[in-house]
Each structure stands twice: as structure tokens, then as C-alpha cells.
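Below is start_21.csv, holding CSV, C-alpha atoms.
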chain,number,residue,atom,x,y,z
A,168,MET,CA,-6.5,-2.2,-10.0
A,169,ILE,CA,-5.2,1.2,-11.0
A,170,LEU,CA,-1.7,2.6,-10.6
A,171,PHE,CA,-2.0,6.4,-10.3
A,172,PRO,CA,1.1,8.3,-11.2
A,173,ALA,CA,1.4,11.5,-9.0
A,174,ILE,CA,2.1,15.1,-9.8
A,175,ASP,CA,2.6,17.2,-6.7
A,176,LEU,CA,2.6,21.0,-7.6
A,177,LYS,CA,4.7,23.6,-5.7
A,178,GLY,CA,5.4,27.0,-7.3
A,179,GLY,CA,4.1,25.6,-10.7
A,180,HIS,CA,6.7,22.8,-10.7
A,181,CYS,CA,6.3,19.1,-10.3
A,182,VAL,CA,8.0,18.1,-7.0
A,183,ARG,CA,8.1,15.4,-4.4
A,184,LEU,CA,8.3,16.0,-0.6
A,185,LYS,CA,9.5,13.8,2.2
A,186,HIS,CA,7.0,13.3,5.1
A,187,GLY,CA,4.9,16.2,3.7
A,188,GLU,CA,7.6,18.8,4.6
A,189,MET,CA,7.5,21.6,2.1
A,190,ALA,CA,11.2,22.5,2.8
A,191,SER,CA,12.2,19.0,1.6
A,192,ALA,CA,10.8,19.5,-2.0
A,193,THR,CA,12.8,18.1,-4.8
A,194,VAL,CA,11.9,19.5,-8.3
A,195,TYR,CA,11.5,16.7,-10.9
A,196,ASN,CA,10.0,18.6,-13.8
A,197,ALA,CA,9.5,22.3,-14.3
A,198,ASP,CA,6.7,21.5,-16.9
A,199,PRO,CA,3.9,19.6,-15.2
A,200,ALA,CA,1.9,19.4,-18.4
A,201,ALA,CA,4.8,17.6,-20.1
A,202,GLN,CA,5.0,15.2,-17.2
A,203,ALA,CA,1.3,14.5,-17.5
A,204,LYS,CA,1.6,13.7,-21.2
A,205,ALA,CA,4.7,11.5,-20.5
A,206,PHE,CA,2.7,9.5,-18.0
A,207,GLU,CA,-0.1,9.0,-20.5
A,208,ASP,CA,2.4,7.9,-23.2
A,209,GLN,CA,3.8,5.4,-20.7
A,210,GLY,CA,0.4,3.7,-20.6
A,211,PHE,CA,-1.0,5.1,-17.4
A,212,GLU,CA,-4.8,5.6,-17.5
A,213,TRP,CA,-5.3,8.0,-14.6
A,214,LEU,CA,-3.4,10.9,-13.0
A,215,HIS,CA,-3.3,12.0,-9.4
A,216,VAL,CA,-2.5,15.7,-8.8
A,217,VAL,CA,-2.0,17.6,-5.6
A,218,ASP,CA,-1.8,21.4,-5.3
A,219,LEU,CA,0.7,21.5,-2.3
A,220,ASP,CA,0.6,25.3,-2.1
A,221,GLY,CA,-3.2,25.2,-2.1
A,222,ALA,CA,-3.3,22.6,0.7
A,223,PHE,CA,-1.4,25.0,3.0
A,224,ALA,CA,-3.1,28.1,1.8
A,225,GLY,CA,-6.6,26.8,1.9
A,226,GLU,CA,-7.3,27.8,-1.7
A,227,SER,CA,-6.0,26.7,-5.1
A,228,ARG,CA,-2.6,28.2,-5.9
A,229,ASN,CA,-1.4,26.2,-8.9
A,230,CYS,CA,-4.4,26.8,-11.2
A,231,GLU,CA,-2.4,27.5,-14.3
A,232,ALA,CA,-0.4,24.3,-13.9
A,233,VAL,CA,-3.5,22.2,-13.3
A,234,GLU,CA,-5.3,23.7,-16.3
A,235,ALA,CA,-2.2,23.0,-18.5
A,236,ILE,CA,-2.2,19.4,-17.3
A,237,LEU,CA,-5.9,19.0,-18.2
A,238,ALA,CA,-5.1,20.4,-21.7
A,239,ALA,CA,-2.1,18.1,-22.1
A,240,THR,CA,-3.6,14.7,-21.2
A,241,ALA,CA,-6.7,12.8,-22.2
A,242,ASN,CA,-6.5,10.7,-19.0
A,243,PRO,CA,-8.9,11.4,-16.2
A,244,VAL,CA,-7.4,13.6,-13.5
A,245,GLN,CA,-8.2,13.7,-9.8
A,246,LEU,CA,-7.1,16.8,-7.9
A,247,GLY,CA,-6.6,17.6,-4.2
A,248,GLY,CA,-5.2,20.5,-2.2
A,249,GLY,CA,-7.1,23.6,-1.1
A,250,ILE,CA,-10.5,22.6,-2.4
A,251,ARG,CA,-12.7,23.6,0.5
A,252,SER,CA,-16.0,25.1,-0.7
A,253,MET,CA,-18.8,24.2,-3.1
A,254,ALA,CA,-17.7,27.0,-5.4
A,255,HIS,CA,-14.2,25.5,-5.6
A,256,ILE,CA,-15.6,22.1,-6.3
A,257,GLU,CA,-18.0,23.3,-9.0
A,258,ALA,CA,-15.3,25.4,-10.7
A,259,TRP,CA,-12.8,22.6,-10.8
A,260,LEU,CA,-15.2,20.0,-12.1
A,261,ALA,CA,-16.4,22.4,-14.7
A,262,LYS,CA,-12.8,22.7,-16.0
A,263,GLY,CA,-12.7,19.0,-16.7
A,264,LEU,CA,-11.5,17.2,-13.6
A,265,ALA,CA,-12.7,13.6,-13.3
A,266,ARG,CA,-13.0,14.1,-9.5
A,267,VAL,CA,-11.9,16.4,-6.7
A,268,ILE,CA,-10.3,15.2,-3.5
A,269,LEU,CA,-11.5,16.7,-0.3
A,270,GLY,CA,-9.2,16.4,2.7
A,271,THR,CA,-9.2,19.1,5.4
A,272,VAL,CA,-12.9,20.0,4.7
A,273,ALA,CA,-13.8,16.3,5.2
A,274,VAL,CA,-12.8,16.8,8.9
A,275,ARG,CA,-14.0,20.4,9.3
A,276,ASP,CA,-17.3,20.3,7.3
A,277,PRO,CA,-18.4,16.7,6.5
A,278,ASP,CA,-21.8,17.9,5.5
A,279,LEU,CA,-20.2,19.8,2.6
A,280,VAL,CA,-18.6,16.6,1.4
A,281,LYS,CA,-22.0,14.8,1.5
A,282,GLN,CA,-23.7,17.8,-0.3
A,283,ALA,CA,-21.0,17.7,-3.0
A,284,CYS,CA,-21.5,13.9,-3.4
A,285,ARG,CA,-25.2,14.4,-4.0
A,286,ALA,CA,-24.5,17.2,-6.5
A,287,PHE,CA,-21.7,15.5,-8.4
A,288,PRO,CA,-22.2,11.7,-8.2
A,289,GLY,CA,-19.0,9.7,-8.6
A,290,ARG,CA,-16.8,12.8,-8.8
A,291,VAL,CA,-16.0,13.5,-5.2
A,292,ALA,CA,-13.2,11.6,-3.3
A,293,VAL,CA,-12.0,12.0,0.3
A,294,GLY,CA,-8.4,12.3,1.2
A,295,ILE,CA,-7.5,10.8,4.6
A,296,ASP,CA,-3.9,11.6,5.5
A,297,ALA,CA,-2.7,10.0,8.7
A,298,ARG,CA,0.3,10.2,11.0
A,299,GLY,CA,0.4,7.4,13.6
A,300,GLY,CA,-3.2,6.5,12.6
A,301,LYS,CA,-4.5,10.0,13.4
A,302,VAL,CA,-5.8,12.3,10.7
A,303,ALA,CA,-3.8,15.4,9.8
A,304,VAL,CA,-5.2,18.5,8.1
A,305,GLU,CA,-4.1,21.9,6.7
A,306,GLY,CA,-1.5,20.4,4.4
A,307,TRP,CA,-0.5,17.9,7.1
A,308,ALA,CA,0.6,20.8,9.3
A,309,GLU,CA,-2.0,20.1,12.0
A,310,ALA,CA,-2.8,16.9,13.8
A,311,SER,CA,-6.3,15.9,15.0
A,312,GLU,CA,-7.5,13.2,17.5
A,313,LEU,CA,-9.6,11.7,14.8
A,314,GLY,CA,-8.8,8.1,13.7
A,315,ALA,CA,-8.6,7.4,10.0
A,316,ILE,CA,-11.2,4.6,10.1
A,317,GLU,CA,-13.5,6.7,12.2
A,318,LEU,CA,-13.4,9.5,9.6
A,319,ALA,CA,-13.9,7.1,6.7
A,320,GLN,CA,-17.0,5.5,8.4
A,321,ARG,CA,-18.6,8.9,8.6
A,322,PHE,CA,-19.0,8.9,4.9
A,323,GLU,CA,-20.5,5.4,4.5
A,324,GLY,CA,-23.5,5.7,2.2
A,325,ALA,CA,-22.8,9.3,1.2
A,326,GLY,CA,-21.7,8.5,-2.3
A,327,VAL,CA,-18.0,9.1,-1.9
A,328,ALA,CA,-16.3,7.8,-5.1
A,329,ALA,CA,-13.0,6.8,-3.3
A,330,ILE,CA,-10.9,7.3,-0.2
A,331,ILE,CA,-7.2,8.2,-0.8
A,332,TYR,CA,-5.4,7.0,2.3
A,333,THR,CA,-1.9,8.4,2.8
A,334,ASP,CA,0.5,7.3,5.6
A,335,ILE,CA,2.4,10.6,6.0
A,336,ASP,CA,5.3,8.9,7.8
A,337,ARG,CA,6.0,6.8,4.7
A,338,ASP,CA,5.3,9.5,2.1
A,339,GLY,CA,8.2,10.2,-0.2
A,340,VAL,CA,10.7,8.1,1.6
A,341,LEU,CA,10.4,4.8,-0.4
A,342,ILE,CA,9.9,2.4,2.5
A,343,GLY,CA,6.8,0.7,1.1
A,344,ILE,CA,3.1,1.3,1.5
A,345,ASN,CA,1.5,0.7,4.9
A,346,TRP,CA,-0.5,-2.3,3.6
A,347,GLU,CA,-1.7,-3.3,7.1
A,348,ALA,CA,-3.4,0.0,7.8
A,349,THR,CA,-4.6,0.5,4.3
A,350,ILE,CA,-6.2,-2.9,4.1
A,351,ALA,CA,-7.7,-2.5,7.6
A,352,LEU,CA,-9.3,0.7,6.4
A,353,ALA,CA,-10.6,-1.0,3.2
A,354,ASP,CA,-12.1,-3.8,5.4
A,355,ALA,CA,-13.9,-1.2,7.6
A,356,VAL,CA,-15.8,0.6,4.8
A,357,SER,CA,-17.6,-0.2,1.6
A,358,ILE,CA,-16.0,2.8,-0.2
A,359,PRO,CA,-13.2,2.0,-2.6
A,360,VAL,CA,-9.8,2.8,-1.1
A,361,ILE,CA,-6.6,4.0,-2.8
A,362,ALA,CA,-3.3,3.4,-1.1
A,363,SER,CA,-0.8,6.2,-1.0
A,364,GLY,CA,2.5,7.0,0.7
A,365,GLY,CA,5.8,5.1,0.4
A,366,LEU,CA,5.3,2.9,-2.7
A,367,ALA,CA,8.9,1.9,-3.3
A,368,SER,CA,9.4,-0.8,-5.9
A,369,LEU,CA,7.9,-3.6,-7.9
A,370,ALA,CA,7.5,-5.5,-4.7
A,371,ASP,CA,4.7,-3.1,-3.8
A,372,ILE,CA,3.1,-3.6,-7.2
A,373,VAL,CA,3.2,-7.4,-6.7
A,374,ARG,CA,1.7,-6.8,-3.2
A,375,MET,CA,-1.2,-5.0,-4.9
A,376,THR,CA,-2.1,-8.3,-6.7
A,377,MET,CA,-2.4,-10.3,-3.5
A,378,PRO,CA,-5.9,-11.5,-2.6
A,379,ASP,CA,-6.3,-9.3,0.5
A,380,ALA,CA,-5.3,-6.2,-1.5
A,381,THR,CA,-7.5,-6.7,-4.6
A,382,ARG,CA,-10.4,-5.0,-2.9
A,383,LEU,CA,-8.5,-1.7,-3.2
A,384,GLU,CA,-9.1,0.5,-6.2
A,385,GLY,CA,-5.4,1.0,-6.6
A,386,ALA,CA,-2.3,2.8,-5.4
A,387,ILE,CA,-0.5,6.1,-6.0
A,388,SER,CA,3.2,6.3,-7.0
A,389,GLY,CA,5.4,9.3,-7.0
A,390,ARG,CA,9.1,9.3,-6.2
A,391,ALA,CA,9.6,5.6,-7.2
A,392,LEU,CA,8.5,6.5,-10.7
A,393,TYR,CA,10.5,9.7,-10.9
A,394,ASP,CA,13.6,8.0,-9.6
A,395,GLY,CA,13.3,5.0,-12.0
A,396,ARG,CA,12.8,2.5,-9.2
A,397,ILE,CA,9.7,1.2,-11.0
A,398,ASP,CA,9.5,0.4,-14.7
A,399,PRO,CA,6.1,1.6,-15.8
A,400,ALA,CA,5.7,-1.0,-18.5
A,401,GLU,CA,6.5,-3.9,-16.1
A,402,ALA,CA,4.3,-2.5,-13.3
A,403,LEU,CA,1.3,-2.1,-15.7
A,404,ARG,CA,1.9,-5.5,-17.1
A,405,LEU,CA,1.9,-7.1,-13.7
A,406,LEU,CA,-1.4,-5.4,-12.8
A,407,LYS,CA,-3.0,-6.3,-16.1
A,408,GLU,CA,-2.1,-9.9,-15.8
A,409,ALA,CA,-3.4,-10.0,-12.2
A,410,ALA,CA,-6.7,-8.6,-13.4
Structure translated into C-alpha cells:
Amino acid sequence: MILFPAIDLKGGHCVRLKHGEMASATVYNADPAAQAKAFEDQGFEWLHVVDLDGAFAGESRNCEAVEAILAATANPVQLGGGIRSMAHIEAWLAKGLARVILGTVAVRDPDLVKQACRAFPGRVAVGIDARGGKVAVEGWAEASELGAIELAQRFEGAGVAAIIYTDIDRDGVLIGINWEATIALADAVSIPVIASGGLASLADIVRMTMPDATRLEGAISGRALYDGRIDPAEALRLLKEAA
């Protein structure tokens, strides 16, 4: 079970949003590379990065910051936001990313996702961001009529390394992960699922160790870490003991 610390990038800074609203951004660190190194020093073994500007623009916009992060940490890094072509995928993986996260393109062009999975086994994840159970795209700015489980099932057998499932209504507001929906999604597919959106306290970490949640690959934490609501050492200890 992996606890993924999150770095969301906006204008080259490490920020957190509420409900995915760009106007709600709070800057937590002007040096994302230093933040990445700090997470590594705290004992985390993975890093989750999102190019928020890229998610809205449809192309990478925080390249310098991501490259600085890759240079600063030895931890594997997964990146999402604005990666929507094979050229983008190839370029980022060549720079040293452990895996790319494909969100909007998973809805718009699922064949591209499957092609990428064949070309880069184990290095392509799908991001499913949902509001009210329906998938949102274009940096969460547009809603679709597609259900999260329906989208996930389209990639069964395609070689997707993981699904990052985010409940937008809970993201950045510290009210706890939507465990019911996340576990229902994990039950519906054989692809590993990572929980995202709303992780609030050590209670969520303890919830990760419960039998019905152990099928998940892990969970992502952002604001709770930055605000000091979760002690990294204690959280990692609980997960290690449970394993």
C-alpha cells in the first residue's frame, strides 16, 4: 500500500486547489523541486505530480518545474496534466518519469491509451476524475455522461498500470476519501486503483489498512500533508505495519 504525496503545479509553484477550481489555488511552496526532495527525506517512496496549467491548456505548461523535480528526487514520479499525444508520452517517459497519467485523452481517444500501454508496458496510468460519479475532462472544466466504472472497464486487459480515481467534490477540502466509490471501482476491474481526493487525517490512513481497501494500490495525499494534519512518519509506520 503506497501513500503518494502530491505536488500540483500552477505557474511553476506547488499549490493545492479546492474542488479543482484554479481560482482557489493556495501556494504551499515556490520551489517544487525542494518539496519533492523533502517528501523523499520524509520516507515517501513515490511522488504524484499534476501539471494543472497543462490540464486546462491541453499541453504541458510546467516542464521546467517537472524536470527540476525529476533531478531533485530519486523516487519514481508519475505525472498527469496535458499529456494527450504519443509524442507527449514518449517525451516525458524519456525524461525519466516512472509513468504518465492519461485523463482527458482516455475519454477522447481510448485507442491512444491502449497503444501507449503496448509501447510502454507498466508505464501508463489512467486518471479518472469524477463529479457525482460522472467523469470530468479538460482539467475538470467539462462534465461527461460517462460513468467512472464504465470508463475503467474499457481498459480491462489493455495493460494499464493503475487507475487514479479522484472524487472532485472532495478534492482539497479535507473531508475524507470517498471510500465507497473507490472500492466499488476497484471491485469492478482488475486494474490496480489509487484513491485520490479528500484524504484528511490518520483516520484515512487507518482506513487504507482495512481488509476491503487492501486491494487498492494506495492513496494520494496533498493538503493534509502540507497543513500538517498527517504526520508522515506515523502514516508510513501504520502502512508498513499493516503490510
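With only C-alpha atoms as the atoms that count, the minimum distance from Ala410 in chain A to the choices A:Ser388, A:Asp398, A:Phe287, A:Arg382 is reached by A:Arg382.
Taking all atoms listed in the file into account, the residues near (-1.7, 6.6, 2.8), no farther than 7 Å, are A:Asp296, A:Ala297, A:Ile331, A:Tyr332, A:Thr333, A:Asp334, A:Ile335, A:Thr349, A:Ala362, A:Ser363, A:Gly364.
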Residues of the last selection are to be written out with C-alpha atoms, as a PDB file, in the frame of the given file.
ATOM      1  CA  ASP A 296      -3.900  11.600   5.500  1.00  0.00           C
ATOM      2  CA  ALA A 297      -2.700  10.000   8.700  1.00  0.00           C
ATOM      3  CA  ILE A 331      -7.200   8.200  -0.800  1.00  0.00           C
ATOM      4  CA  TYR A 332      -5.400   7.000   2.300  1.00  0.00           C
ATOM      5  CA  THR A 333      -1.900   8.400   2.800  1.00  0.00           C
ATOM      6  CA  ASP A 334       0.500   7.300   5.600  1.00  0.00           C
ATOM      7  CA  ILE A 335       2.400  10.600   6.000  1.00  0.00           C
ATOM      8  CA  THR A 349      -4.600   0.500   4.300  1.00  0.00           C
ATOM      9  CA  ALA A 362      -3.300   3.400  -1.100  1.00  0.00           C
ATOM     10  CA  SER A 363      -0.800   6.200  -1.000  1.00  0.00           C
ATOM     11  CA  GLY A 364       2.500   7.000   0.700  1.00  0.00           C
TER      12      GLY A 364
END
Practice item. Could you tell me which of A:Ala238, A:Leu214, A:Leu279, A:Ala197 comes closest to Ile169 in chain A if we count all atoms listed in the file? Key: A:Leu214
Check your understanding: Can you tell me, as a VMD selection string, what residues are no more than 9 Å from Leu405 in chain A when counting all atoms listed in the file, ignoring any on the same chain fewer than 5 positions away?
Key -> chain A and resid 372 to 373 376 400 410
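Nearest to Pro243 in chain A of all the residues A:Leu219, A:Glu226, A:Asp276, A:Lys204 is A:Lys204, based on only C-alpha atoms.
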Review point. Quick one: of A:Ile387, A:Ala370, A:Ile236, A:Leu318, who's nearest to Ala355 in chain A, counting all atoms listed in the file?
Key: A:Leu318
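Picture a line from CA of Val217 in chain A to CA of Arg183 in chain A; it runs 10.4 Å.
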**Study point:** Non-local contacts of Val267 in chain A (7 Å; all atoms listed in the file; under 4 positions in same chain excluded) as a ChimeraX atom specification
**Key:** /A:245-247,256,290-292
Review point. Can you tell me, as a PyMOL selection string, which residues sit within 9 Å of (-11.0, 18.9, -14.9) in the file's frame, using all atoms listed in the file?
Key: chain A and resi 233-234+237+243-246+258-267
So that I can see what lies close to Gly389 in chain A, please list as an mmCIF file with C-alpha atoms, keeping the file's coordinate frame the residues with an atom at most 8 Å from it, counting all atoms listed in the file and leaving out residues fewer than 6 positions away in the same chain.
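Wrote out.cif, looks like this:
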data_model
loop_
_atom_site.group_PDB
_atom_site.id
_atom_site.type_symbol
_atom_site.label_atom_id
_atom_site.label_comp_id
_atom_site.auth_asym_id
_atom_site.auth_seq_id
_atom_site.Cartn_x
_atom_site.Cartn_y
_atom_site.Cartn_z
ATOM 1 C CA PRO A 172 1.100 8.300 -11.200
ATOM 2 C CA ALA A 173 1.400 11.500 -9.000
ATOM 3 C CA ILE A 174 2.100 15.100 -9.800
ATOM 4 C CA ARG A 183 8.100 15.400 -4.400
ATOM 5 C CA GLY A 339 8.200 10.200 -0.200
ATOM 6 C CA LEU A 366 5.300 2.900 -2.700
#
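Going from CA of Ile358 in chain A to CA of Pro399 in chain A covers 27.1 Å.
Distance-wise, CA of Leu341 in chain A and CA of Phe206 in chain A end up 19.8 Å apart.
Shortest atom-to-atom contact with Leu406 in chain A among A:Leu392, A:Ala386, A:Ala203, A:Leu313: A:Ala386, counting all atoms listed in the file.
Take the candidates A:Ala273, A:Ala325, A:Leu352, A:Ala200 and check each one against Ala241 in chain A using all atoms listed in the file; the shortest distance goes to A:Ala200.
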Output range 317-353 of chain A with N, CA and C atoms present, as an mmCIF file, keeping the file's coordinate frame.
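Saved as selection-v9.cif:
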data_model
loop_
_atom_site.group_PDB
_atom_site.id
_atom_site.type_symbol
_atom_site.label_atom_id
_atom_site.label_comp_id
_atom_site.auth_asym_id
_atom_site.auth_seq_id
_atom_site.Cartn_x
_atom_site.Cartn_y
_atom_site.Cartn_z
ATOM 1 N N GLU A 317 -12.365 5.973 11.737
ATOM 2 C CA GLU A 317 -13.500 6.700 12.200
ATOM 3 C C GLU A 317 -13.982 7.754 11.233
ATOM 4 N N LEU A 318 -13.043 8.477 10.644
ATOM 5 C CA LEU A 318 -13.400 9.500 9.600
ATOM 6 C C LEU A 318 -14.007 8.838 8.410
ATOM 7 N N ALA A 319 -13.400 7.768 7.938
ATOM 8 C CA ALA A 319 -13.900 7.100 6.700
ATOM 9 C C ALA A 319 -15.344 6.618 6.938
ATOM 10 N N GLN A 320 -15.622 6.083 8.109
ATOM 11 C CA GLN A 320 -17.000 5.500 8.400
ATOM 12 C C GLN A 320 -18.033 6.608 8.414
ATOM 13 N N ARG A 321 -17.643 7.845 8.631
ATOM 14 C CA ARG A 321 -18.600 8.900 8.600
ATOM 15 C C ARG A 321 -19.217 9.161 7.238
ATOM 16 N N PHE A 322 -18.534 8.652 6.221
ATOM 17 C CA PHE A 322 -19.000 8.900 4.900
ATOM 18 C C PHE A 322 -19.626 7.664 4.196
ATOM 19 N N GLU A 323 -19.836 6.623 4.981
ATOM 20 C CA GLU A 323 -20.500 5.400 4.500
ATOM 21 C C GLU A 323 -21.919 5.850 3.959
ATOM 22 N N GLY A 324 -22.234 5.429 2.750
ATOM 23 C CA GLY A 324 -23.500 5.700 2.200
ATOM 24 C C GLY A 324 -23.717 7.112 1.642
ATOM 25 N N ALA A 325 -22.662 7.926 1.696
ATOM 26 C CA ALA A 325 -22.800 9.300 1.200
ATOM 27 C C ALA A 325 -22.540 9.466 -0.261
ATOM 28 N N GLY A 326 -21.983 8.417 -0.881
ATOM 29 C CA GLY A 326 -21.700 8.500 -2.300
ATOM 30 C C GLY A 326 -20.285 8.910 -2.646
ATOM 31 N N VAL A 327 -19.374 8.804 -1.660
ATOM 32 C CA VAL A 327 -18.000 9.100 -1.900
ATOM 33 C C VAL A 327 -17.396 8.128 -2.934
ATOM 34 N N ALA A 328 -16.751 8.652 -3.973
ATOM 35 C CA ALA A 328 -16.300 7.800 -5.100
ATOM 36 C C ALA A 328 -15.069 6.946 -4.628
ATOM 37 N N ALA A 329 -14.211 7.508 -3.765
ATOM 38 C CA ALA A 329 -13.000 6.800 -3.300
ATOM 39 C C ALA A 329 -12.439 7.494 -2.106
ATOM 40 N N ILE A 330 -11.679 6.746 -1.314
ATOM 41 C CA ILE A 330 -10.900 7.300 -0.200
ATOM 42 C C ILE A 330 -9.424 7.128 -0.580
ATOM 43 N N ILE A 331 -8.684 8.231 -0.590
ATOM 44 C CA ILE A 331 -7.200 8.200 -0.800
ATOM 45 C C ILE A 331 -6.591 8.189 0.585
ATOM 46 N N TYR A 332 -6.003 7.062 0.987
ATOM 47 C CA TYR A 332 -5.400 7.000 2.300
ATOM 48 C C TYR A 332 -3.906 7.071 2.233
ATOM 49 N N THR A 333 -3.363 8.115 2.855
ATOM 50 C CA THR A 333 -1.900 8.400 2.800
ATOM 51 C C THR A 333 -1.327 8.227 4.217
ATOM 52 N N ASP A 334 -0.303 7.398 4.326
ATOM 53 C CA ASP A 334 0.500 7.300 5.600
ATOM 54 C C ASP A 334 1.599 8.333 5.438
ATOM 55 N N ILE A 335 1.463 9.447 6.165
ATOM 56 C CA ILE A 335 2.400 10.600 6.000
ATOM 57 C C ILE A 335 3.823 10.136 6.389
ATOM 58 N N ASP A 336 3.968 9.274 7.373
ATOM 59 C CA ASP A 336 5.300 8.900 7.800
ATOM 60 C C ASP A 336 6.057 8.107 6.723
ATOM 61 N N ARG A 337 5.335 7.602 5.742
ATOM 62 C CA ARG A 337 6.000 6.800 4.700
ATOM 63 C C ARG A 337 6.082 7.644 3.366
ATOM 64 N N ASP A 338 5.391 8.774 3.313
ATOM 65 C CA ASP A 338 5.300 9.500 2.100
ATOM 66 C C ASP A 338 6.632 10.045 1.594
ATOM 67 N N GLY A 339 6.985 9.691 0.368
ATOM 68 C CA GLY A 339 8.200 10.200 -0.200
ATOM 69 C C GLY A 339 9.494 9.652 0.213
ATOM 70 N N VAL A 340 9.461 8.604 1.043
ATOM 71 C CA VAL A 340 10.700 8.100 1.600
ATOM 72 C C VAL A 340 10.975 6.615 1.134
ATOM 73 N N LEU A 341 10.118 6.092 0.270
ATOM 74 C CA LEU A 341 10.400 4.800 -0.400
ATOM 75 C C LEU A 341 10.648 3.649 0.547
ATOM 76 N N ILE A 342 9.767 3.519 1.542
ATOM 77 C CA ILE A 342 9.900 2.400 2.500
ATOM 78 C C ILE A 342 8.751 1.402 2.337
ATOM 79 N N GLY A 343 7.939 1.567 1.332
ATOM 80 C CA GLY A 343 6.800 0.700 1.100
ATOM 81 C C GLY A 343 5.529 1.182 1.703
ATOM 82 N N ILE A 344 4.445 0.845 1.060
ATOM 83 C CA ILE A 344 3.100 1.300 1.500
ATOM 84 C C ILE A 344 2.779 0.579 2.838
ATOM 85 N N ASN A 345 2.037 1.260 3.678
ATOM 86 C CA ASN A 345 1.500 0.700 4.900
ATOM 87 C C ASN A 345 0.331 -0.194 4.567
ATOM 88 N N TRP A 346 0.604 -1.392 4.106
ATOM 89 C CA TRP A 346 -0.500 -2.300 3.600
ATOM 90 C C TRP A 346 -1.408 -2.672 4.754
ATOM 91 N N GLU A 347 -0.864 -2.903 5.946
ATOM 92 C CA GLU A 347 -1.700 -3.300 7.100
ATOM 93 C C GLU A 347 -2.795 -2.321 7.375
ATOM 94 N N ALA A 348 -2.393 -1.051 7.525
ATOM 95 C CA ALA A 348 -3.400 0.000 7.800
ATOM 96 C C ALA A 348 -4.308 0.254 6.687
ATOM 97 N N THR A 349 -3.776 0.219 5.472
ATOM 98 C CA THR A 349 -4.600 0.500 4.300
ATOM 99 C C THR A 349 -5.670 -0.568 4.113
ATOM 100 N N ILE A 350 -5.289 -1.824 4.244
ATOM 101 C CA ILE A 350 -6.200 -2.900 4.100
ATOM 102 C C ILE A 350 -7.242 -2.942 5.223
ATOM 103 N N ALA A 351 -6.789 -2.597 6.438
ATOM 104 C CA ALA A 351 -7.700 -2.500 7.600
ATOM 105 C C ALA A 351 -8.774 -1.451 7.312
ATOM 106 N N LEU A 352 -8.369 -0.344 6.723
ATOM 107 C CA LEU A 352 -9.300 0.700 6.400
ATOM 108 C C LEU A 352 -10.308 0.216 5.318
ATOM 109 N N ALA A 353 -9.780 -0.447 4.300
ATOM 110 C CA ALA A 353 -10.600 -1.000 3.200
ATOM 111 C C ALA A 353 -11.638 -2.001 3.774
#
